[in-house]
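**Q** Pasting a structure here, questions to come.
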Amino acid sequence: MNDQTDTSAPPIRVLIAKPGLDGHDRGAKVLARGLRDEGFEVIYTGLRQTPEMIADAAEQEDVDVVGLSILSGAHMTLLPRVVKLIRERGMDDVLVAAGGIIPDADIEKLKAAGIAEVFGPGTSIGQIARYFRENARRRR
Amino acid sequence: MAAAFGELAGGDRRPLARLLTRIENGDPSLRDELPALFAAGRGAHVVGVTGPPGSGKSTLVSALTGEWRRRGRRVGILAVDPSSPYTGGAILGDRIRMMEHAADRDVFMRSMASRGELGGLAATTWVAAAALDAADFDPVIIETVGAGQSEVEIARLAETTVLVEVPEMGDEVQAIKAGLLEVADIIAVNKGDRPGADRAARQLRAMLSTAGSRLERKPPPILVTTATTGAGVAALVDAIDAHRSEARRPELARERAANQVRRALATLATRRAEDDPAWEPTVASVAARELDPLTAAQRLIGE
């Protein structure tokens with residue numbers, strides 16, 4: 001059912017968050033559900049989160065991955081701020097990725113700001129799961 | 001290692017978060033540190049919150065947290081959601097109702113997947129509660145997975161168990177069925193703004209006050225709450241706080257300790273039955289039908 005190679009390893013913990021004011025979380029929910037089926041433990045925080053709330057949640061939940069879903073166009077403001085706050089809290093090895101409607105021209109800038117990968121429309125859940133599995137820190 | 005646990009109370013959330021991960025993952029290096037972890041406990045009131053899916057447990061826990069914060073308490077929360085029996089994955093969604101406390105340094109909330117355990121909890125929930133206790137959170141609230149009628153594990157282990165019901169819980173016969181309703185220390189009829197809430201509370205009160213003649217239990221207080229508006233929440237906090245000394249009567253403390261040991265034994269035994277080479281010959285003889293499982297178990301624990 002999933003190709004997680006080491007079944008005795010603890011599940012990867014992923015925080016799926018919606019920063020900012022857009023009210024569309026169907027995509028985030030579909031992804032959360034899909035990652036669940038891929039064997040991830042997915043913490044979903046709901047809509048309209050500030051970067052501070054997301055960083056605080058990531059810190060308490062000690063997640064391996066933070067996935068940010070954003071459709072509002074405010075990604076250049078919000079996403080680098082989430083990365084900054086997460087790093088400030090000492091979470092140096094947490095993978096931060098983004099998904100949503102993000103113009104190609106912004107992707108390089110986001111990556112320079114610490115967003116590991118950007119998944120646009122049409123990305124399959126399998127692709128995202130594989131990316132998380134290959135790039136999330138692995139713990140004991 | 002005691003020094004390591006001393007830093008938990010320093011207010012930095014990161015060491016606590018990392019410790020909880022090690023606990024959840026059953027990090028073997030933790031075993032030697034457990035006595036120090038429990039010794040670092042400050043005696044937090046461990047409060048279980050259980051009830052059917054959708055009864056408003058998370059929203060009520062959030063409201064309770066707000067009320068305790070107003071009273072100057074630091075609140076630790078462990079919220080358990082089920083793991084998939086097929087993939088081991090989980091959706092942990094209790095945070096959605098609790099984000100208002102996310103930035104409050106005096107609230108620590110952690111989502112836990114049940115990771116294959118039945119009974120509405122994860123096997124490591126109790127150790128996680130001890131970690132929150134050592135980090136100076138009091139109360140420590142444990143929210144179970146949405147529970148049906150018989151997931152009474154929480155009541156065996158928490159000091160105070162709050163059962164969250166909704167007005168549409170059913171007729172009077174539901175109230176006299178065995179199980180969760182029997183073991184609750186306090187019952188909250190939540191969604192109190194819905195029609196029938198007071199009637200449901202009255203029915204529960206009537207049915208539960210006539211029961212219990214054989215049990216050494218007082219009928220539980222039954223309160224009507226509306227978690228979304230905060231109505232009745234202060235009274236519920238009063239009732240939970242008032243139950244603390246009752247819960248610490250020596251005979252009840254002993255019963256809880258016995259249950260905790262029983263559960264720890266079961267976890268250990270499960271692990272050894274799965275892969276301990278020393279146990280393998282006995283397990284194999286059960287597989288070969290040369291030995292029955294009960295006799296095998298007695299032999300393995302040296303009886």
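Chain lettering (A, B, ...) mirrors the order of the structure tokens, residue numbering begins at 1 for each chain separately, and ligand numbering begins at 1 in order of display.
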So which residues touch range 51-57 of chain B within 10 Å, counting only C-alpha atoms, skipping near sequence neighbours fewer than 4 positions away, as a PyMOL selection string?

**A** chain B and resi 61-63+79+94+97+120+143-149+151+162-169+180-181+184+187-191+226-228

**Q** Keeping C-alpha atoms for every residue in the selection just given, could you write it to a file as a short mmCIF file (atom, residue, chain, number, x, y, z; two decimals), in the first residue's frame?

**A**
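Final file, part-v7.cif:
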```cif
data_model
loop_
_atom_site.label_atom_id
_atom_site.label_comp_id
_atom_site.auth_asym_id
_atom_site.auth_seq_id
_atom_site.Cartn_x
_atom_site.Cartn_y
_atom_site.Cartn_z
CA VAL B 61 -10.53 21.26 25.79
CA SER B 62 -9.67 24.59 24.17
CA ALA B 63 -12.33 26.37 26.24
CA ALA B 79 -4.60 15.02 21.93
CA ASP B 94 -7.35 18.45 17.12
CA ARG B 97 -9.85 23.89 17.49
CA GLY B 120 -8.40 5.56 22.60
CA GLU B 143 -7.98 14.02 24.93
CA THR B 144 -8.71 10.51 23.66
CA VAL B 145 -9.73 9.50 20.17
CA GLY B 146 -13.46 9.66 19.60
CA ALA B 147 -14.66 6.88 21.85
CA GLY B 148 -17.74 4.75 21.74
CA GLN B 149 -19.24 2.94 24.66
CA GLU B 151 -13.14 2.67 25.59
CA VAL B 162 -14.53 13.94 31.90
CA LEU B 163 -17.01 12.34 29.52
CA VAL B 164 -18.31 14.70 26.84
CA GLU B 165 -21.77 13.83 25.59
CA VAL B 166 -24.18 15.65 23.30
CA PRO B 167 -27.92 16.25 23.77
CA GLU B 168 -28.76 13.73 21.04
CA MET B 169 -27.03 10.90 22.86
CA LEU B 180 -17.97 4.83 29.58
CA LEU B 181 -20.89 6.40 31.41
CA ALA B 184 -16.80 9.05 34.15
CA ILE B 187 -20.10 14.31 32.60
CA ALA B 188 -20.36 17.37 30.37
CA VAL B 189 -23.43 17.55 28.15
CA ASN B 190 -21.85 19.74 25.51
CA LYS B 191 -23.55 21.71 22.73
CA THR B 226 -21.45 25.14 25.33
CA ALA B 227 -17.80 25.04 24.39
CA THR B 228 -18.21 27.45 21.48
#
```

**Q** For chain B, which residues have at least one atom within 12 Å of chain A, if we go by only C-alpha atoms? Write them as an mmCIF file with N, CA and C atoms, in the first residue's frame, please.

**A**
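The new file part25.cif reads:
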```cif
data_model
loop_
_atom_site.group_PDB
_atom_site.id
_atom_site.type_symbol
_atom_site.label_atom_id
_atom_site.label_comp_id
_atom_site.auth_asym_id
_atom_site.auth_seq_id
_atom_site.Cartn_x
_atom_site.Cartn_y
_atom_site.Cartn_z
ATOM 1 N N ASP B 12 11.590 26.747 27.703
ATOM 2 C CA ASP B 12 11.969 26.536 26.310
ATOM 3 C C ASP B 12 11.209 25.312 25.796
ATOM 4 N N ARG B 13 10.476 25.478 24.697
ATOM 5 C CA ARG B 13 9.581 24.394 24.286
ATOM 6 C C ARG B 13 10.275 23.301 23.493
ATOM 7 N N ARG B 14 11.424 23.670 22.922
ATOM 8 C CA ARG B 14 12.065 22.731 22.007
ATOM 9 C C ARG B 14 12.527 21.431 22.700
ATOM 10 N N PRO B 15 13.205 21.514 23.870
ATOM 11 C CA PRO B 15 13.620 20.261 24.524
ATOM 12 C C PRO B 15 12.435 19.362 24.864
ATOM 13 N N LEU B 16 11.328 19.964 25.281
ATOM 14 C CA LEU B 16 10.140 19.177 25.601
ATOM 15 C C LEU B 16 9.591 18.508 24.338
ATOM 16 N N ALA B 17 9.536 19.281 23.244
ATOM 17 C CA ALA B 17 9.018 18.731 21.982
ATOM 18 C C ALA B 17 9.868 17.549 21.521
ATOM 19 N N ARG B 18 11.192 17.706 21.641
ATOM 20 C CA ARG B 18 12.079 16.613 21.215
ATOM 21 C C ARG B 18 11.923 15.391 22.118
ATOM 22 N N LEU B 19 11.805 15.637 23.418
ATOM 23 C CA LEU B 19 11.623 14.531 24.361
ATOM 24 C C LEU B 19 10.339 13.758 24.033
ATOM 25 N N LEU B 20 9.270 14.493 23.714
ATOM 26 C CA LEU B 20 7.999 13.828 23.394
ATOM 27 C C LEU B 20 8.155 12.951 22.158
ATOM 28 N N THR B 21 8.950 13.394 21.196
ATOM 29 C CA THR B 21 9.181 12.576 20.004
ATOM 30 C C THR B 21 9.923 11.293 20.368
ATOM 31 N N ARG B 22 10.936 11.438 21.220
ATOM 32 C CA ARG B 22 11.673 10.231 21.640
ATOM 33 C C ARG B 22 10.742 9.272 22.372
ATOM 34 N N ILE B 23 9.853 9.826 23.190
ATOM 35 C CA ILE B 23 8.899 8.987 23.918
ATOM 36 C C ILE B 23 7.980 8.262 22.933
ATOM 37 N N GLU B 24 7.418 9.030 21.995
ATOM 38 C CA GLU B 24 6.499 8.438 21.016
ATOM 39 C C GLU B 24 7.163 7.342 20.197
ATOM 40 N N ASN B 25 8.422 7.566 19.847
ATOM 41 C CA ASN B 25 9.117 6.611 18.982
ATOM 42 C C ASN B 25 9.726 5.443 19.754
ATOM 43 N N GLY B 26 9.537 5.459 21.085
ATOM 44 C CA GLY B 26 10.068 4.366 21.886
ATOM 45 C C GLY B 26 11.582 4.287 21.838
ATOM 46 N N ASP B 27 12.226 5.442 21.783
ATOM 47 C CA ASP B 27 13.687 5.515 21.769
ATOM 48 C C ASP B 27 14.273 4.676 22.918
ATOM 49 N N PRO B 28 15.039 3.623 22.598
ATOM 50 C CA PRO B 28 15.546 2.732 23.654
ATOM 51 C C PRO B 28 16.444 3.441 24.661
ATOM 52 N N SER B 29 17.131 4.501 24.217
ATOM 53 C CA SER B 29 18.045 5.195 25.129
ATOM 54 C C SER B 29 17.278 5.913 26.241
ATOM 55 N N GLY B 76 -0.967 21.724 29.887
ATOM 56 C CA GLY B 76 -0.402 20.796 28.913
ATOM 57 C C GLY B 76 -1.520 19.962 28.304
ATOM 58 N N ILE B 77 -1.453 19.754 27.002
ATOM 59 C CA ILE B 77 -2.508 19.008 26.310
ATOM 60 C C ILE B 77 -1.884 17.924 25.439
ATOM 61 N N LEU B 78 -2.390 16.695 25.578
ATOM 62 C CA LEU B 78 -2.040 15.626 24.648
ATOM 63 C C LEU B 78 -3.333 15.226 23.957
ATOM 64 N N ALA B 79 -3.376 15.338 22.649
ATOM 65 C CA ALA B 79 -4.597 15.017 21.927
ATOM 66 C C ALA B 79 -4.332 13.823 21.013
ATOM 67 N N VAL B 80 -5.037 12.739 21.243
ATOM 68 C CA VAL B 80 -4.788 11.505 20.505
ATOM 69 C C VAL B 80 -5.833 11.333 19.403
ATOM 70 N N ASP B 81 -5.367 11.024 18.221
ATOM 71 C CA ASP B 81 -6.255 10.681 17.105
ATOM 72 C C ASP B 81 -5.821 9.319 16.573
ATOM 73 N N PRO B 82 -6.737 8.621 15.892
ATOM 74 C CA PRO B 82 -6.409 7.246 15.485
ATOM 75 C C PRO B 82 -5.411 7.155 14.331
ATOM 76 N N SER B 83 -4.578 6.109 14.376
ATOM 77 C CA SER B 83 -3.710 5.756 13.253
ATOM 78 C C SER B 83 -4.463 4.789 12.346
ATOM 79 N N SER B 84 -4.161 4.863 11.062
ATOM 80 C CA SER B 84 -4.757 3.918 10.126
ATOM 81 C C SER B 84 -4.225 2.518 10.392
ATOM 82 N N PRO B 85 -5.132 1.542 10.502
ATOM 83 C CA PRO B 85 -4.660 0.168 10.695
ATOM 84 C C PRO B 85 -3.978 -0.374 9.442
ATOM 85 N N TYR B 86 -4.158 0.291 8.304
ATOM 86 C CA TYR B 86 -3.603 -0.217 7.041
ATOM 87 C C TYR B 86 -2.230 0.377 6.743
ATOM 88 N N THR B 87 -2.124 1.701 6.879
ATOM 89 C CA THR B 87 -0.878 2.356 6.459
ATOM 90 C C THR B 87 -0.072 2.890 7.635
ATOM 91 N N GLY B 88 -0.672 2.941 8.822
ATOM 92 C CA GLY B 88 0.019 3.555 9.954
ATOM 93 C C GLY B 88 -0.047 5.071 9.918
ATOM 94 N N GLY B 89 -0.616 5.622 8.847
ATOM 95 C CA GLY B 89 -0.740 7.076 8.758
ATOM 96 C C GLY B 89 -1.871 7.585 9.644
ATOM 97 N N ALA B 90 -1.925 8.898 9.806
ATOM 98 C CA ALA B 90 -2.962 9.477 10.655
ATOM 99 C C ALA B 90 -3.195 10.924 10.268
ATOM 100 N N ILE B 91 -4.419 11.372 10.487
ATOM 101 C CA ILE B 91 -4.708 12.804 10.419
ATOM 102 C C ILE B 91 -4.914 13.269 11.844
ATOM 103 N N LEU B 92 -4.081 14.196 12.281
ATOM 104 C CA LEU B 92 -4.189 14.712 13.635
ATOM 105 C C LEU B 92 -4.794 16.106 13.524
ATOM 106 N N GLY B 93 -6.074 16.195 13.830
ATOM 107 C CA GLY B 93 -6.795 17.433 13.525
ATOM 108 C C GLY B 93 -7.268 18.202 14.740
ATOM 109 N N ASP B 94 -6.824 17.792 15.921
ATOM 110 C CA ASP B 94 -7.350 18.449 17.121
ATOM 111 C C ASP B 94 -6.843 19.878 17.282
ATOM 112 N N ARG B 95 -5.711 20.159 16.620
ATOM 113 C CA ARG B 95 -5.132 21.486 16.718
ATOM 114 C C ARG B 95 -6.023 22.573 16.116
ATOM 115 N N ILE B 96 -6.833 22.177 15.121
ATOM 116 C CA ILE B 96 -7.686 23.148 14.440
ATOM 117 C C ILE B 96 -8.505 23.934 15.455
ATOM 118 N N ARG B 97 -8.987 23.238 16.487
ATOM 119 C CA ARG B 97 -9.853 23.889 17.487
ATOM 120 C C ARG B 97 -9.053 24.591 18.578
ATOM 121 N N MET B 98 -7.742 24.435 18.536
ATOM 122 C CA MET B 98 -6.950 24.945 19.662
ATOM 123 C C MET B 98 -5.932 25.990 19.250
ATOM 124 N N MET B 99 -6.015 26.481 17.994
ATOM 125 C CA MET B 99 -4.974 27.378 17.511
ATOM 126 C C MET B 99 -4.919 28.687 18.286
ATOM 127 N N GLU B 100 -6.007 29.064 18.941
ATOM 128 C CA GLU B 100 -5.975 30.324 19.689
ATOM 129 C C GLU B 100 -4.929 30.292 20.808
ATOM 130 N N HIS B 101 -4.532 29.070 21.215
ATOM 131 C CA HIS B 101 -3.525 28.968 22.274
ATOM 132 C C HIS B 101 -2.117 28.722 21.735
ATOM 133 N N ALA B 102 -1.996 28.673 20.387
ATOM 134 C CA ALA B 102 -0.722 28.243 19.797
ATOM 135 C C ALA B 102 0.443 29.130 20.230
ATOM 136 N N ALA B 103 0.198 30.416 20.336
ATOM 137 C CA ALA B 103 1.298 31.325 20.636
ATOM 138 C C ALA B 103 1.480 31.550 22.138
ATOM 139 N N ASP B 104 0.614 30.956 22.950
ATOM 140 C CA ASP B 104 0.701 31.133 24.401
ATOM 141 C C ASP B 104 1.800 30.234 24.956
ATOM 142 N N ARG B 105 2.844 30.845 25.501
ATOM 143 C CA ARG B 105 3.976 30.052 25.999
ATOM 144 C C ARG B 105 3.596 29.190 27.178
ATOM 145 N N ASP B 106 2.475 29.454 27.799
ATOM 146 C CA ASP B 106 2.069 28.685 28.972
ATOM 147 C C ASP B 106 1.045 27.602 28.630
ATOM 148 N N VAL B 107 0.914 27.340 27.331
ATOM 149 C CA VAL B 107 0.109 26.196 26.883
ATOM 150 C C VAL B 107 0.992 25.371 25.968
ATOM 151 N N PHE B 108 1.062 24.081 26.215
ATOM 152 C CA PHE B 108 1.811 23.207 25.312
ATOM 153 C C PHE B 108 0.862 22.138 24.828
ATOM 154 N N MET B 109 0.687 22.072 23.505
ATOM 155 C CA MET B 109 -0.256 21.121 22.954
ATOM 156 C C MET B 109 0.459 20.201 21.987
ATOM 157 N N ARG B 110 0.271 18.921 22.157
ATOM 158 C CA ARG B 110 0.915 17.955 21.283
ATOM 159 C C ARG B 110 -0.122 16.956 20.775
ATOM 160 N N SER B 111 -0.111 16.735 19.456
ATOM 161 C CA SER B 111 -0.989 15.735 18.848
ATOM 162 C C SER B 111 -0.264 14.402 18.823
ATOM 163 N N MET B 112 -0.959 13.347 19.174
ATOM 164 C CA MET B 112 -0.363 12.015 19.137
ATOM 165 C C MET B 112 -1.247 11.083 18.323
ATOM 166 N N ALA B 113 -0.619 10.261 17.497
ATOM 167 C CA ALA B 113 -1.373 9.212 16.808
ATOM 168 C C ALA B 113 -1.411 7.982 17.709
ATOM 169 N N SER B 114 -2.500 7.238 17.640
ATOM 170 C CA SER B 114 -2.659 6.113 18.567
ATOM 171 C C SER B 114 -1.684 4.982 18.251
ATOM 172 N N ARG B 115 -1.136 4.974 17.036
ATOM 173 C CA ARG B 115 -0.131 3.994 16.626
ATOM 174 C C ARG B 115 -0.483 2.561 17.019
ATOM 175 N N LEU B 132 5.140 16.290 30.387
ATOM 176 C CA LEU B 132 4.472 17.589 30.542
ATOM 177 C C LEU B 132 4.427 18.001 32.008
#
```

**Q** If you run DSSP on this backbone, which residues of range 45-180 of chain B come out as helix (DSSP H, G or I), and could you give them as a count of residues only?

**A** 43

**Q** Any idea what's packed within 12 Å of Arg199 in chain B, counting only C-alpha atoms, ignoring anything in its chain fewer than 5 positions away? Could you give it as a PyMOL selection string?

**A** chain B and resi 166-172+189+192-194+204-206+222-224

**Q** Please produce a file of those selected residues containing N, CA and C atoms, as a PDB file, in the first residue's frame.

**A**
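Output contents, as saved in result28.pdb:
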```
ATOM      1  N   VAL B 166     -23.407  14.622  23.983  1.00  0.00           N
ATOM      2  CA  VAL B 166     -24.184  15.649  23.303  1.00  0.00           C
ATOM      3  C   VAL B 166     -25.662  15.396  23.589  1.00  0.00           C
ATOM      4  N   PRO B 167     -26.509  16.429  23.422  1.00  0.00           N
ATOM      5  CA  PRO B 167     -27.921  16.254  23.766  1.00  0.00           C
ATOM      6  C   PRO B 167     -28.581  15.086  23.034  1.00  0.00           C
ATOM      7  N   GLU B 168     -28.102  14.782  21.816  1.00  0.00           N
ATOM      8  CA  GLU B 168     -28.760  13.729  21.038  1.00  0.00           C
ATOM      9  C   GLU B 168     -28.194  12.356  21.346  1.00  0.00           C
ATOM     10  N   MET B 169     -27.724  12.158  22.559  1.00  0.00           N
ATOM     11  CA  MET B 169     -27.030  10.899  22.857  1.00  0.00           C
ATOM     12  C   MET B 169     -27.934   9.683  22.863  1.00  0.00           C
ATOM     13  N   GLY B 170     -29.241   9.908  22.936  1.00  0.00           N
ATOM     14  CA  GLY B 170     -30.124   8.746  22.901  1.00  0.00           C
ATOM     15  C   GLY B 170     -31.060   8.743  24.087  1.00  0.00           C
ATOM     16  N   ASP B 171     -31.757   7.645  24.264  1.00  0.00           N
ATOM     17  CA  ASP B 171     -32.782   7.616  25.308  1.00  0.00           C
ATOM     18  C   ASP B 171     -32.180   7.204  26.648  1.00  0.00           C
ATOM     19  N   GLU B 172     -33.054   6.981  27.597  1.00  0.00           N
ATOM     20  CA  GLU B 172     -32.589   6.684  28.954  1.00  0.00           C
ATOM     21  C   GLU B 172     -31.847   5.364  29.043  1.00  0.00           C
ATOM     22  N   VAL B 189     -22.530  17.597  29.301  1.00  0.00           N
ATOM     23  CA  VAL B 189     -23.428  17.550  28.152  1.00  0.00           C
ATOM     24  C   VAL B 189     -23.118  18.804  27.353  1.00  0.00           C
ATOM     25  N   GLY B 192     -24.678  22.694  24.591  1.00  0.00           N
ATOM     26  CA  GLY B 192     -25.800  22.999  25.461  1.00  0.00           C
ATOM     27  C   GLY B 192     -26.784  23.989  24.875  1.00  0.00           C
ATOM     28  N   ASP B 193     -26.400  24.618  23.753  1.00  0.00           N
ATOM     29  CA  ASP B 193     -27.337  25.544  23.104  1.00  0.00           C
ATOM     30  C   ASP B 193     -28.297  24.806  22.185  1.00  0.00           C
ATOM     31  N   ARG B 194     -28.126  23.513  22.045  1.00  0.00           N
ATOM     32  CA  ARG B 194     -29.055  22.753  21.215  1.00  0.00           C
ATOM     33  C   ARG B 194     -30.279  22.374  22.035  1.00  0.00           C
ATOM     34  N   LEU B 204     -29.841  11.926  32.435  1.00  0.00           N
ATOM     35  CA  LEU B 204     -28.598  11.294  32.878  1.00  0.00           C
ATOM     36  C   LEU B 204     -28.511  11.313  34.406  1.00  0.00           C
ATOM     37  N   ARG B 205     -28.846  12.467  34.970  1.00  0.00           N
ATOM     38  CA  ARG B 205     -28.768  12.619  36.422  1.00  0.00           C
ATOM     39  C   ARG B 205     -29.685  11.608  37.110  1.00  0.00           C
ATOM     40  N   ALA B 206     -30.898  11.503  36.564  1.00  0.00           N
ATOM     41  CA  ALA B 206     -31.872  10.592  37.173  1.00  0.00           C
ATOM     42  C   ALA B 206     -31.394   9.153  37.082  1.00  0.00           C
ATOM     43  N   ILE B 222     -23.084  16.263  36.667  1.00  0.00           N
ATOM     44  CA  ILE B 222     -23.440  16.373  35.249  1.00  0.00           C
ATOM     45  C   ILE B 222     -23.674  17.842  34.941  1.00  0.00           C
ATOM     46  N   LEU B 223     -22.863  18.364  34.041  1.00  0.00           N
ATOM     47  CA  LEU B 223     -22.922  19.792  33.746  1.00  0.00           C
ATOM     48  C   LEU B 223     -23.258  20.011  32.283  1.00  0.00           C
ATOM     49  N   VAL B 224     -23.980  21.090  32.014  1.00  0.00           N
ATOM     50  CA  VAL B 224     -24.266  21.452  30.627  1.00  0.00           C
ATOM     51  C   VAL B 224     -23.259  22.522  30.206  1.00  0.00           C
TER      52      VAL B 224
END
```

**Q** Between A:Ala136, A:Leu78, A:Leu31, A:Leu21, which one has atoms that come closest to Phe119 in chain A, using only C-alpha atoms?

**A**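 Nearest candidate to Phe119 in chain A out of A:Ala136, A:Leu78, A:Leu31, A:Leu21: A:Leu31.
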
**Q** Go through range 32-111 of chain B and collect every residue that DSSP, computed from the backbone, puts in strand (DSSP E or B); the answer should be as a list in words.

**A** Val46, Val47, Gly48, Val49, Thr50, Arg74, Val75, Gly76, Ile77, Leu78, Ala79, Val80, Asp81, Ser83, Ala90, Ile91, Leu92, Val107, Phe108, Met109, Arg110 and Ser111 of chain B

**Q** What would the file look like if the residues just selected were written as a PDB file, in the first residue's frame with N, CA and C atoms?

**A**
```
ATOM      1  N   VAL B  46      -3.822  15.013  36.265  1.00  0.00           N
ATOM      2  CA  VAL B  46      -3.985  14.418  34.934  1.00  0.00           C
ATOM      3  C   VAL B  46      -5.474  14.222  34.667  1.00  0.00           C
ATOM      4  N   VAL B  47      -5.965  14.939  33.671  1.00  0.00           N
ATOM      5  CA  VAL B  47      -7.388  14.986  33.385  1.00  0.00           C
ATOM      6  C   VAL B  47      -7.654  14.358  32.024  1.00  0.00           C
ATOM      7  N   GLY B  48      -8.455  13.319  31.979  1.00  0.00           N
ATOM      8  CA  GLY B  48      -8.822  12.695  30.711  1.00  0.00           C
ATOM      9  C   GLY B  48     -10.110  13.295  30.181  1.00  0.00           C
ATOM     10  N   VAL B  49     -10.145  13.536  28.875  1.00  0.00           N
ATOM     11  CA  VAL B  49     -11.377  14.016  28.248  1.00  0.00           C
ATOM     12  C   VAL B  49     -11.714  13.036  27.143  1.00  0.00           C
ATOM     13  N   THR B  50     -12.882  12.420  27.244  1.00  0.00           N
ATOM     14  CA  THR B  50     -13.258  11.409  26.268  1.00  0.00           C
ATOM     15  C   THR B  50     -14.702  11.619  25.838  1.00  0.00           C
ATOM     16  N   ARG B  74      -0.739  26.773  34.028  1.00  0.00           N
ATOM     17  CA  ARG B  74      -0.077  26.421  32.765  1.00  0.00           C
ATOM     18  C   ARG B  74      -0.626  25.082  32.324  1.00  0.00           C
ATOM     19  N   VAL B  75      -1.099  24.996  31.093  1.00  0.00           N
ATOM     20  CA  VAL B  75      -1.874  23.835  30.667  1.00  0.00           C
ATOM     21  C   VAL B  75      -1.120  23.016  29.623  1.00  0.00           C
ATOM     22  N   GLY B  76      -0.967  21.724  29.887  1.00  0.00           N
ATOM     23  CA  GLY B  76      -0.402  20.796  28.913  1.00  0.00           C
ATOM     24  C   GLY B  76      -1.520  19.962  28.304  1.00  0.00           C
ATOM     25  N   ILE B  77      -1.453  19.754  27.002  1.00  0.00           N
ATOM     26  CA  ILE B  77      -2.508  19.008  26.310  1.00  0.00           C
ATOM     27  C   ILE B  77      -1.884  17.924  25.439  1.00  0.00           C
ATOM     28  N   LEU B  78      -2.390  16.695  25.578  1.00  0.00           N
ATOM     29  CA  LEU B  78      -2.040  15.626  24.648  1.00  0.00           C
ATOM     30  C   LEU B  78      -3.333  15.226  23.957  1.00  0.00           C
ATOM     31  N   ALA B  79      -3.376  15.338  22.649  1.00  0.00           N
ATOM     32  CA  ALA B  79      -4.597  15.017  21.927  1.00  0.00           C
ATOM     33  C   ALA B  79      -4.332  13.823  21.013  1.00  0.00           C
ATOM     34  N   VAL B  80      -5.037  12.739  21.243  1.00  0.00           N
ATOM     35  CA  VAL B  80      -4.788  11.505  20.505  1.00  0.00           C
ATOM     36  C   VAL B  80      -5.833  11.333  19.403  1.00  0.00           C
ATOM     37  N   ASP B  81      -5.367  11.024  18.221  1.00  0.00           N
ATOM     38  CA  ASP B  81      -6.255  10.681  17.105  1.00  0.00           C
ATOM     39  C   ASP B  81      -5.821   9.319  16.573  1.00  0.00           C
ATOM     40  N   SER B  83      -4.578   6.109  14.376  1.00  0.00           N
ATOM     41  CA  SER B  83      -3.710   5.756  13.253  1.00  0.00           C
ATOM     42  C   SER B  83      -4.463   4.789  12.346  1.00  0.00           C
ATOM     43  N   ALA B  90      -1.925   8.898   9.806  1.00  0.00           N
ATOM     44  CA  ALA B  90      -2.962   9.477  10.655  1.00  0.00           C
ATOM     45  C   ALA B  90      -3.195  10.924  10.268  1.00  0.00           C
ATOM     46  N   ILE B  91      -4.419  11.372  10.487  1.00  0.00           N
ATOM     47  CA  ILE B  91      -4.708  12.804  10.419  1.00  0.00           C
ATOM     48  C   ILE B  91      -4.914  13.269  11.844  1.00  0.00           C
ATOM     49  N   LEU B  92      -4.081  14.196  12.281  1.00  0.00           N
ATOM     50  CA  LEU B  92      -4.189  14.712  13.635  1.00  0.00           C
ATOM     51  C   LEU B  92      -4.794  16.106  13.524  1.00  0.00           C
ATOM     52  N   VAL B 107       0.914  27.340  27.331  1.00  0.00           N
ATOM     53  CA  VAL B 107       0.109  26.196  26.883  1.00  0.00           C
ATOM     54  C   VAL B 107       0.992  25.371  25.968  1.00  0.00           C
ATOM     55  N   PHE B 108       1.062  24.081  26.215  1.00  0.00           N
ATOM     56  CA  PHE B 108       1.811  23.207  25.312  1.00  0.00           C
ATOM     57  C   PHE B 108       0.862  22.138  24.828  1.00  0.00           C
ATOM     58  N   MET B 109       0.687  22.072  23.505  1.00  0.00           N
ATOM     59  CA  MET B 109      -0.256  21.121  22.954  1.00  0.00           C
ATOM     60  C   MET B 109       0.459  20.201  21.987  1.00  0.00           C
ATOM     61  N   ARG B 110       0.271  18.921  22.157  1.00  0.00           N
ATOM     62  CA  ARG B 110       0.915  17.955  21.283  1.00  0.00           C
ATOM     63  C   ARG B 110      -0.122  16.956  20.775  1.00  0.00           C
ATOM     64  N   SER B 111      -0.111  16.735  19.456  1.00  0.00           N
ATOM     65  CA  SER B 111      -0.989  15.735  18.848  1.00  0.00           C
ATOM     66  C   SER B 111      -0.264  14.402  18.823  1.00  0.00           C
TER      67      SER B 111
END
```

**Q** Which is closer to Ile125 in chain A than all the others in A:Val30, A:Ile16, A:Ala98, A:Gly23, using only C-alpha atoms?

**A**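 That would be A:Val30, the residue with the smallest distance to Ile125 in chain A.
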
**Q** Compare B:Val233, B:Glu290, B:Ala155, B:Gly41 by their minimum atom-to-atom distance to Ala247 in chain B, counting only C-alpha atoms, and give me the closest one.

**A**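 Of all the options, B:Ala155 lies closest to Ala247 in chain B.
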
**Q** For range 68-75 of chain A, please output as a PyMOL selection string all residues within 9 Å (counting only C-alpha atoms; exclusion window: fewer than 4 positions along the same chain).

**A** chain A and resi 15-25+27-28+79-80+96-102+106+110

**Q** As an exercise, work out the distance from CA of Asp185 in chain B to CA of Ala234 in chain B in Å and give it to one decimal place.

**A**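 Computing it gives 16.8 Å between the two atoms.
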